[in-house]
$ cat coords.csv   # CSV, C-alpha atoms
chain,number,residue,atom,x,y,z
Y,1,MET,CA,-41.8,73.7,50.7
Y,2,LYS,CA,-43.4,76.4,48.7
Y,3,THR,CA,-47.0,76.6,47.5
Y,4,GLY,CA,-47.7,74.8,44.2
Y,5,LYS,CA,-46.7,71.5,42.6
Y,6,ILE,CA,-43.6,70.1,44.2
Y,7,SER,CA,-40.4,70.2,42.3
Y,8,GLU,CA,-39.1,67.3,40.3
Y,9,PRO,CA,-36.2,66.5,42.6
Y,10,ILE,CA,-38.5,66.3,45.7
Y,11,LEU,CA,-41.0,64.3,43.7
Y,12,LYS,CA,-38.4,61.8,42.7
Y,13,ARG,CA,-36.6,61.3,46.1
Y,14,SER,CA,-39.6,61.7,48.5
Y,15,VAL,CA,-42.5,60.2,46.5
Y,16,LEU,CA,-41.6,58.1,43.5
Y,17,LYS,CA,-38.6,56.5,45.1
Y,18,LYS,CA,-40.9,55.3,47.9
Y,19,ILE,CA,-43.3,53.5,45.6
Y,20,SER,CA,-42.5,49.9,44.7
Y,21,TYR,CA,-43.9,48.1,41.7
Y,22,LYS,CA,-44.3,44.4,42.4
Y,23,ASP,CA,-47.5,43.8,40.5
Y,24,LYS,CA,-46.9,43.0,36.8
Y,25,SER,CA,-50.4,44.1,35.9
Y,26,VAL,CA,-49.3,47.8,36.4
Y,27,LEU,CA,-48.3,48.7,32.9
Y,28,GLY,CA,-48.1,52.5,33.1
Y,29,ARG,CA,-46.7,53.7,36.4
Y,30,ALA,CA,-46.3,56.9,38.4
Y,31,ALA,CA,-43.4,58.9,36.9
Y,32,VAL,CA,-42.4,62.3,35.7
Y,33,GLY,CA,-44.5,63.1,32.6
Y,34,TYR,CA,-47.1,60.5,33.2
Y,35,ASP,CA,-50.4,61.8,34.5
Y,36,ALA,CA,-52.4,58.5,34.5
Y,37,ALA,CA,-51.8,54.9,35.4
Y,38,VAL,CA,-52.6,51.8,33.4
Y,39,VAL,CA,-53.5,48.5,35.0
Y,40,ALA,CA,-54.0,45.3,32.9
Y,41,LEU,CA,-56.8,42.9,34.0
Y,42,ASP,CA,-57.9,39.7,32.2
Y,43,ASP,CA,-59.8,41.2,29.2
Y,44,TYR,CA,-59.3,44.9,29.6
Y,45,LYS,CA,-57.2,47.7,31.0
Y,46,LEU,CA,-58.1,50.3,33.6
Y,47,VAL,CA,-56.7,53.8,33.1
Y,48,THR,CA,-56.9,56.1,36.1
Y,49,SER,CA,-56.0,59.7,37.1
Y,50,THR,CA,-56.5,62.0,40.0
Y,51,GLU,CA,-56.4,65.8,40.2
Y,52,THR,CA,-56.9,68.2,43.1
Y,53,VAL,CA,-57.8,71.9,42.9
Y,54,VAL,CA,-58.4,74.6,45.5
Y,55,ALA,CA,-61.7,76.1,44.3
Y,56,LYS,CA,-61.2,79.9,44.9
Y,57,ARG,CA,-63.7,82.6,44.0
Y,58,ASP,CA,-66.2,80.3,42.2
Y,59,LEU,CA,-63.7,80.0,39.3
Y,60,HIS,CA,-65.1,77.0,37.5
Y,61,MET,CA,-65.1,74.8,40.6
Y,62,ASN,CA,-65.0,71.6,38.5
Y,63,ARG,CA,-61.5,72.3,37.2
Y,64,ALA,CA,-60.2,69.2,39.0
Y,65,PHE,CA,-62.8,67.2,37.0
Y,66,ILE,CA,-61.7,68.8,33.8
Y,67,LYS,CA,-58.0,68.3,34.5
Y,68,ALA,CA,-58.4,64.6,35.5
Y,69,VAL,CA,-60.4,63.9,32.3
Y,70,ASN,CA,-57.7,65.7,30.3
Y,71,ASN,CA,-55.1,63.4,31.7
Y,72,LEU,CA,-57.1,60.4,30.4
Y,73,ALA,CA,-57.8,62.1,27.1
Y,74,ALA,CA,-54.0,62.5,26.7
Y,75,MET,CA,-53.7,58.7,27.0
Y,76,GLY,CA,-56.3,58.3,24.3
Y,77,VAL,CA,-59.0,57.1,26.7
Y,78,CYS,CA,-62.5,58.2,27.6
Y,79,PRO,CA,-63.4,58.2,31.3
Y,80,LYS,CA,-66.4,56.2,32.5
Y,81,TYR,CA,-66.4,56.6,36.3
Y,82,ALA,CA,-65.5,59.3,38.8
Y,83,GLN,CA,-65.0,59.6,42.5
Y,84,ILE,CA,-65.2,63.1,44.1
Y,85,SER,CA,-63.8,64.3,47.4
Y,86,VAL,CA,-64.7,67.8,48.7
Y,87,VAL,CA,-63.2,69.3,51.8
Y,88,LEU,CA,-65.2,72.5,52.8
Y,89,PRO,CA,-64.1,75.3,55.1
Y,90,GLU,CA,-66.0,76.0,58.2
Y,91,GLY,CA,-68.9,78.4,57.7
Y,92,MET,CA,-69.3,77.8,54.0
Y,93,ARG,CA,-73.0,78.0,53.0
Y,94,GLU,CA,-74.7,74.9,51.6
Y,95,ILE,CA,-75.7,76.8,48.5
Y,96,LYS,CA,-72.0,76.8,47.5
Y,97,LEU,CA,-71.8,73.1,47.8
Y,98,LYS,CA,-74.9,72.7,45.7
Y,99,MET,CA,-73.4,75.0,43.0
Y,100,LEU,CA,-70.2,72.9,43.0
Y,101,MET,CA,-72.1,69.7,42.6
Y,102,ASP,CA,-74.4,71.1,39.9
Y,103,GLU,CA,-71.3,72.0,37.9
Y,104,MET,CA,-69.7,68.7,38.4
Y,105,CYS,CA,-72.8,66.7,37.6
Y,106,GLU,CA,-73.5,68.6,34.4
Y,107,PHE,CA,-69.9,68.1,33.3
Y,108,ALA,CA,-70.3,64.3,34.0
Y,109,ARG,CA,-73.7,64.1,32.3
Y,110,VAL,CA,-72.5,65.6,29.1
Y,111,ARG,CA,-69.6,63.1,28.9
Y,112,GLN,CA,-71.7,60.1,30.2
Y,113,ILE,CA,-69.4,59.7,33.2
Y,114,SER,CA,-70.9,57.9,36.2
Y,115,ILE,CA,-70.1,59.5,39.6
Y,116,THR,CA,-69.8,56.5,41.7
Y,117,GLY,CA,-69.1,58.1,45.1
Y,118,GLY,CA,-66.5,60.0,47.1
Y,119,ASN,CA,-66.3,61.9,50.3
Y,120,THR,CA,-67.6,65.3,51.6
Y,121,SER,CA,-66.4,66.9,54.8
Y,122,VAL,CA,-65.9,70.2,56.6
Y,123,SER,CA,-62.5,71.1,58.1
Y,124,ALA,CA,-61.0,74.0,60.0
Y,125,GLY,CA,-57.8,73.3,58.2
Y,126,VAL,CA,-58.9,74.8,54.9
Y,127,ILE,CA,-60.0,78.3,53.9
Y,128,ASN,CA,-61.3,77.4,50.4
Y,129,PRO,CA,-63.0,74.3,49.1
Y,130,VAL,CA,-60.5,71.6,48.2
Y,131,VAL,CA,-61.8,69.4,45.4
Y,132,THR,CA,-60.2,66.1,44.4
Y,133,VAL,CA,-61.5,64.0,41.5
Y,134,SER,CA,-60.4,60.6,40.4
Y,135,VAL,CA,-61.5,59.3,37.0
Y,136,THR,CA,-61.3,55.8,35.5
Y,137,GLY,CA,-61.6,54.7,31.9
Y,138,VAL,CA,-61.9,51.1,30.6
Y,139,VAL,CA,-60.4,49.9,27.3
Y,140,SER,CA,-60.0,46.4,25.9
Y,141,LYS,CA,-56.7,44.6,26.5
Y,142,ASP,CA,-55.8,45.1,22.8
Y,143,GLU,CA,-56.6,48.8,22.6
Y,144,PRO,CA,-53.6,51.1,22.7
Y,145,CYS,CA,-52.9,53.6,25.5
Y,146,ASN,CA,-50.2,56.3,25.3
Y,147,TYR,CA,-48.1,55.1,28.1
Y,148,LYS,CA,-45.1,53.7,26.1
Y,149,TYR,CA,-43.4,57.0,25.3
Y,150,LYS,CA,-39.9,55.6,25.1
Y,151,GLU,CA,-41.0,53.1,22.4
Y,152,GLU,CA,-43.0,55.5,20.3
Y,153,ILE,CA,-41.0,58.8,20.2
Y,154,LYS,CA,-38.2,59.1,17.7
Y,155,PRO,CA,-35.8,61.9,16.7
Y,156,GLY,CA,-37.2,64.1,14.0
Y,157,TYR,CA,-40.8,63.8,15.0
Y,158,ASP,CA,-42.8,67.0,15.2
Y,159,ILE,CA,-44.0,68.5,18.4
Y,160,VAL,CA,-47.5,70.1,17.9
Y,161,MET,CA,-49.2,72.4,20.3
Y,162,THR,CA,-52.9,73.2,20.3
Y,163,ASN,CA,-54.7,76.3,21.4
Y,164,ALA,CA,-52.7,78.8,23.5
Y,165,ALA,CA,-50.4,78.7,26.5
Y,166,ALA,CA,-51.4,79.7,30.0
Y,167,LEU,CA,-55.2,79.9,29.4
Y,168,GLU,CA,-55.9,78.4,32.8
Y,169,ALA,CA,-53.5,80.7,34.7
Y,170,THR,CA,-54.7,83.8,32.8
Y,171,ALA,CA,-58.3,83.1,33.9
Y,172,ILE,CA,-57.2,82.5,37.5
Y,173,LEU,CA,-55.2,85.7,37.6
Y,174,ALA,CA,-58.2,87.6,36.1
Y,175,TYR,CA,-60.3,86.4,39.1
Y,176,GLU,CA,-57.7,86.5,41.9
Y,177,GLU,CA,-55.9,89.7,40.9
Y,178,GLU,CA,-58.9,91.6,39.6
Y,179,GLU,CA,-58.5,94.7,41.8
Y,180,GLU,CA,-54.8,95.1,40.9
Y,181,LEU,CA,-55.5,94.5,37.2
Y,182,LYS,CA,-58.3,97.2,37.2
Y,183,THR,CA,-55.5,99.8,37.8
Y,184,ARG,CA,-54.4,99.2,34.3
Y,185,PHE,CA,-57.1,97.3,32.3
Y,186,THR,CA,-60.8,97.8,31.7
Y,187,SER,CA,-63.4,95.5,33.4
Y,188,LEU,CA,-64.4,94.2,29.9
Y,189,TYR,CA,-60.8,93.2,29.1
Y,190,ILE,CA,-60.4,91.4,32.4
Y,191,ASP,CA,-63.8,89.6,31.9
Y,192,ARG,CA,-62.6,88.4,28.5
Y,193,ALA,CA,-59.6,86.8,30.3
Y,194,LYS,CA,-61.9,85.2,32.8
Y,195,GLU,CA,-63.7,83.5,29.9
Y,196,PHE,CA,-60.5,81.5,29.2
Y,197,ALA,CA,-61.7,79.2,32.0
Y,198,LYS,CA,-64.3,77.8,29.6
Y,199,GLU,CA,-61.6,76.5,27.2
Y,200,LEU,CA,-59.7,74.1,29.5
Y,201,SER,CA,-60.8,70.8,28.0
Y,202,ILE,CA,-58.5,69.1,25.5
Y,203,GLU,CA,-60.7,66.1,24.8
Y,204,LYS,CA,-61.7,66.9,21.3
Y,205,GLU,CA,-58.2,67.5,20.0
Y,206,ALA,CA,-56.9,64.4,21.8
Y,207,SER,CA,-59.6,62.3,20.1
Y,208,ILE,CA,-58.7,63.7,16.7
Y,209,ALA,CA,-55.0,63.0,17.4
Y,210,VAL,CA,-55.6,59.4,18.3
Y,211,LYS,CA,-57.4,58.8,15.0
Y,212,ASN,CA,-54.5,60.3,13.1
Y,213,GLY,CA,-51.6,58.3,14.4
Y,214,VAL,CA,-50.2,60.6,17.1
Y,215,LYS,CA,-47.3,58.9,19.0
Y,216,ALA,CA,-47.6,60.7,22.3
Y,217,MET,CA,-49.6,63.4,24.1
Y,218,HIS,CA,-49.0,65.5,27.2
Y,219,ASP,CA,-51.5,67.8,28.8
Y,220,MET,CA,-49.9,71.3,29.5
Y,221,SER,CA,-51.4,71.8,32.9
Y,222,ASP,CA,-49.7,72.6,36.2
Y,223,THR,CA,-46.2,73.3,35.0
Y,224,GLY,CA,-46.9,75.4,32.0
Y,225,VAL,CA,-45.5,75.0,28.5
Y,226,PHE,CA,-41.8,74.9,29.6
Y,227,GLY,CA,-42.6,72.3,32.3
Y,228,ALA,CA,-44.7,70.2,30.0
Y,229,LEU,CA,-41.9,70.2,27.4
Y,230,TRP,CA,-39.4,69.1,30.0
Y,231,GLU,CA,-41.8,66.3,31.2
Y,232,LEU,CA,-42.4,65.2,27.7
Y,233,GLY,CA,-38.6,64.8,27.3
Y,234,GLU,CA,-38.3,62.9,30.6
Y,235,ALA,CA,-41.2,60.5,29.8
Y,236,GLY,CA,-39.8,59.9,26.3
Y,237,ASN,CA,-36.2,59.8,27.3
Y,238,CYS,CA,-35.4,62.2,24.5
Y,239,GLY,CA,-34.4,65.7,23.7
Y,240,VAL,CA,-36.7,68.5,22.5
Y,241,GLU,CA,-36.0,71.6,20.5
Y,242,VAL,CA,-38.7,74.3,20.3
Y,243,ASN,CA,-39.0,77.7,18.7
Y,244,LEU,CA,-40.3,80.2,21.3
Y,245,LYS,CA,-42.0,82.3,18.7
Y,246,LYS,CA,-44.1,79.4,17.5
Y,247,ILE,CA,-45.7,79.0,21.0
Y,248,ASN,CA,-49.1,80.6,20.7
Y,249,MET,CA,-50.2,83.0,23.4
Y,250,ARG,CA,-53.2,85.3,23.7
Y,251,GLN,CA,-52.7,89.0,24.0
Y,252,GLU,CA,-54.6,89.1,27.2
Y,253,THR,CA,-52.2,86.6,28.7
Y,254,ILE,CA,-49.2,88.6,27.5
Y,255,GLU,CA,-50.5,91.9,29.0
Y,256,LEU,CA,-51.8,90.6,32.3
Y,257,THR,CA,-48.7,88.5,33.1
Y,258,ASN,CA,-46.4,91.4,32.1
Y,259,HIS,CA,-48.3,93.8,34.4
Y,260,LEU,CA,-48.1,91.3,37.3
Y,261,GLY,CA,-44.4,90.4,36.6
Y,262,ILE,CA,-45.2,86.7,35.9
Y,263,ASN,CA,-43.5,84.4,33.4
Y,264,PRO,CA,-46.4,83.1,31.2
Y,265,TYR,CA,-44.4,80.1,30.1
Y,266,ILE,CA,-44.2,78.5,33.5
Y,267,ILE,CA,-47.8,78.9,34.8
Y,268,PRO,CA,-50.8,76.5,34.5
Y,269,SER,CA,-51.8,75.9,30.9
Y,270,ALA,CA,-54.7,73.5,31.0
Y,271,GLY,CA,-56.5,73.9,27.7
Y,272,SER,CA,-53.5,73.2,25.6
Y,273,LEU,CA,-52.1,69.9,24.5
Y,274,LEU,CA,-48.6,68.8,23.3
Y,275,MET,CA,-48.6,66.0,20.7
Y,276,VAL,CA,-45.7,64.1,19.1
Y,277,THR,CA,-46.3,62.9,15.5
Y,278,SER,CA,-44.4,61.9,12.4
Y,279,ASP,CA,-46.6,64.3,10.4
Y,280,GLY,CA,-47.2,67.5,12.2
Y,281,LEU,CA,-48.7,69.4,9.2
Y,282,GLY,CA,-51.1,66.5,8.5
Y,283,LEU,CA,-52.3,66.5,12.1
Y,284,ILE,CA,-52.8,70.2,12.0
Y,285,HIS,CA,-54.8,69.9,8.9
Y,286,GLU,CA,-57.2,67.5,10.6
Y,287,LEU,CA,-57.4,69.6,13.7
Y,288,GLU,CA,-58.2,72.8,11.7
Y,289,LYS,CA,-61.2,70.9,10.1
Y,290,GLU,CA,-62.7,71.0,13.6
Y,291,ASP,CA,-61.7,74.7,14.1
Y,292,ILE,CA,-58.9,73.8,16.6
Y,293,CYS,CA,-55.9,76.0,16.2
Y,294,ALA,CA,-52.5,74.2,16.3
Y,295,CYS,CA,-48.9,74.7,15.3
Y,296,VAL,CA,-45.7,72.7,15.0
Y,297,ILE,CA,-43.5,74.3,17.7
Y,298,GLY,CA,-40.5,72.1,17.5
Y,299,LYS,CA,-38.9,68.6,17.0
Y,300,ILE,CA,-37.9,65.6,19.0
Y,301,THR,CA,-34.1,65.4,19.1
Y,302,GLU,CA,-31.3,62.9,19.9
Y,303,GLY,CA,-29.9,63.0,23.4
Y,304,HIS,CA,-31.5,64.6,26.4
Y,305,ASP,CA,-31.2,68.4,25.9
Y,306,ARG,CA,-34.4,70.3,26.1
Y,307,VAL,CA,-33.8,73.6,24.2
Y,308,ILE,CA,-35.8,76.7,23.5
Y,309,ILE,CA,-34.7,78.8,20.6
Y,310,ASN,CA,-35.5,82.5,20.4
Y,311,GLU,CA,-33.9,83.9,17.3
Y,312,ASP,CA,-30.1,83.5,17.9
Y,313,GLU,CA,-30.5,82.6,21.5
Y,314,ARG,CA,-30.5,79.0,22.7
Y,315,ARG,CA,-31.9,78.4,26.2
Y,316,TYR,CA,-31.7,75.0,28.0
Y,317,LEU,CA,-34.8,74.1,30.0
Y,318,GLU,CA,-34.5,73.0,33.6
Y,319,PRO,CA,-36.9,70.8,35.6
Y,320,PRO,CA,-40.0,72.7,36.6
Y,321,LYS,CA,-40.0,74.2,40.1
Y,322,ASN,CA,-42.8,75.3,42.3
Y,323,LYS,CA,-42.8,79.1,42.6

$ encode --input "coords.csv" --output "structure tokens"
Amino acid sequence: MKTGKISEPILKRSVLKKISYKDKSVLGRAAVGYDAAVVALDDYKLVTSTETVVAKRDLHMNRAFIKAVNNLAAMGVCPKYAQISVVLPEGMREIKLKMLMDEMCEFARVRQISITGGNTSVSAGVINPVVTVSVTGVVSKDEPCNYKYKEEIKPGYDIVMTNAAALEATAILAYEEEEELKTRFTSLYIDRAKEFAKELSIEKEASIAVKNGVKAMHDMSDTGVFGALWELGEAGNCGVEVNLKKINMRQETIELTNHLGINPYIIPSAGSLLMVTSDGLGLIHELEKEDICACVIGKITEGHDRVIINEDERRYLEPPKNK
């Protein structure tokens, strides 16, 4: 298998197919398009999510924490507890571990998340720190969670996208391909792209969306905007139709990916959120009050076709693949 998130066919036949669901308390299960699980207990529900990141080049080493929290935010839930696992390469200096934990602890402190434990080890099998974060939120049994896509999404509903596509990947490329990029771009321009790593949280917009009747949300993380649209359709058992020109993208992203020969629509896009609502313009109005840019990029449709429209061209999306 290739580096990256495994493809949907492999996920379905070698992972999801192997998991059985015998416990009726599991409300939201592992599936394509669902990034968190929901478990019903007597008087409340637990919502959990796990993310793993290879922490290269000191690029915001708490990205796993941010992405796990984003998954819960897309369910309309605030995390309360976290478990952290760190696997370090041999020879790594202790100061790097301290820096990693400082960043994680500050992130948790601001959000009042309790770090309840985890695991830290050193392995000859890794060359960069591997960080895994599991977060858990608690809501009352009567509070809604966005795990019932099929019941909530209807044809004609608007698809709203916040911020810009590929922010996460642009920052990663600015760090990892810096020497190559310097053959074309100034250091100032590249540094500006690196700053996108500070915009990866979607907590604020998710909270606003929940208060304004959003029907479903999906974090545009590992599979990029095209992959996220596909997963949204899979989770909702519906079709989508999106106008390519409505998808917001920063100039730095366009130029850096063009220089490197990378499709910006299929690379990690943490920092942007897809939302489904019956009133896209009304939701955008509420988001803009908090200085969050957003746009209606398309509609939910009948059937199962996931279509991207670019002027007179219609392109059918395929399941996301690892590159």

$ closest_residue --input "coords.csv" --among "Y:Lys98, Y:His259, Y:His218, Y:Lys194" --to "Asn71 of chain Y" --atoms "all atoms listed in the file"
Y:His218

$ closest_residue --input "coords.csv" --among "Y:Phe65, Y:Tyr175, Y:Tyr265, Y:Phe226" --to "Glu195 of chain Y" --atoms "only C-alpha atoms"
Y:Tyr175

$ residues_near_point --input "coords.csv" --point "(-55.8, 70.6, 56.4)" --cutoff "12 Å" --atoms "only C-alpha atoms" --output "ChimeraX atom specification"
/Y:54,87-90,121-130

$ atom_distance --input "coords.csv" --atom1 "atom CA of Phe107 of chain Y" --atom2 "atom CA of Ile66 of chain Y"
8.2 Å

$ residues_around --input "coords.csv" --residues "Val214 of chain Y" --least-positions-apart "3" --cutoff "7 Å" --atoms "all atoms listed in the file" --output "PyMOL selection string"
chain Y and resi 209-210+275-277
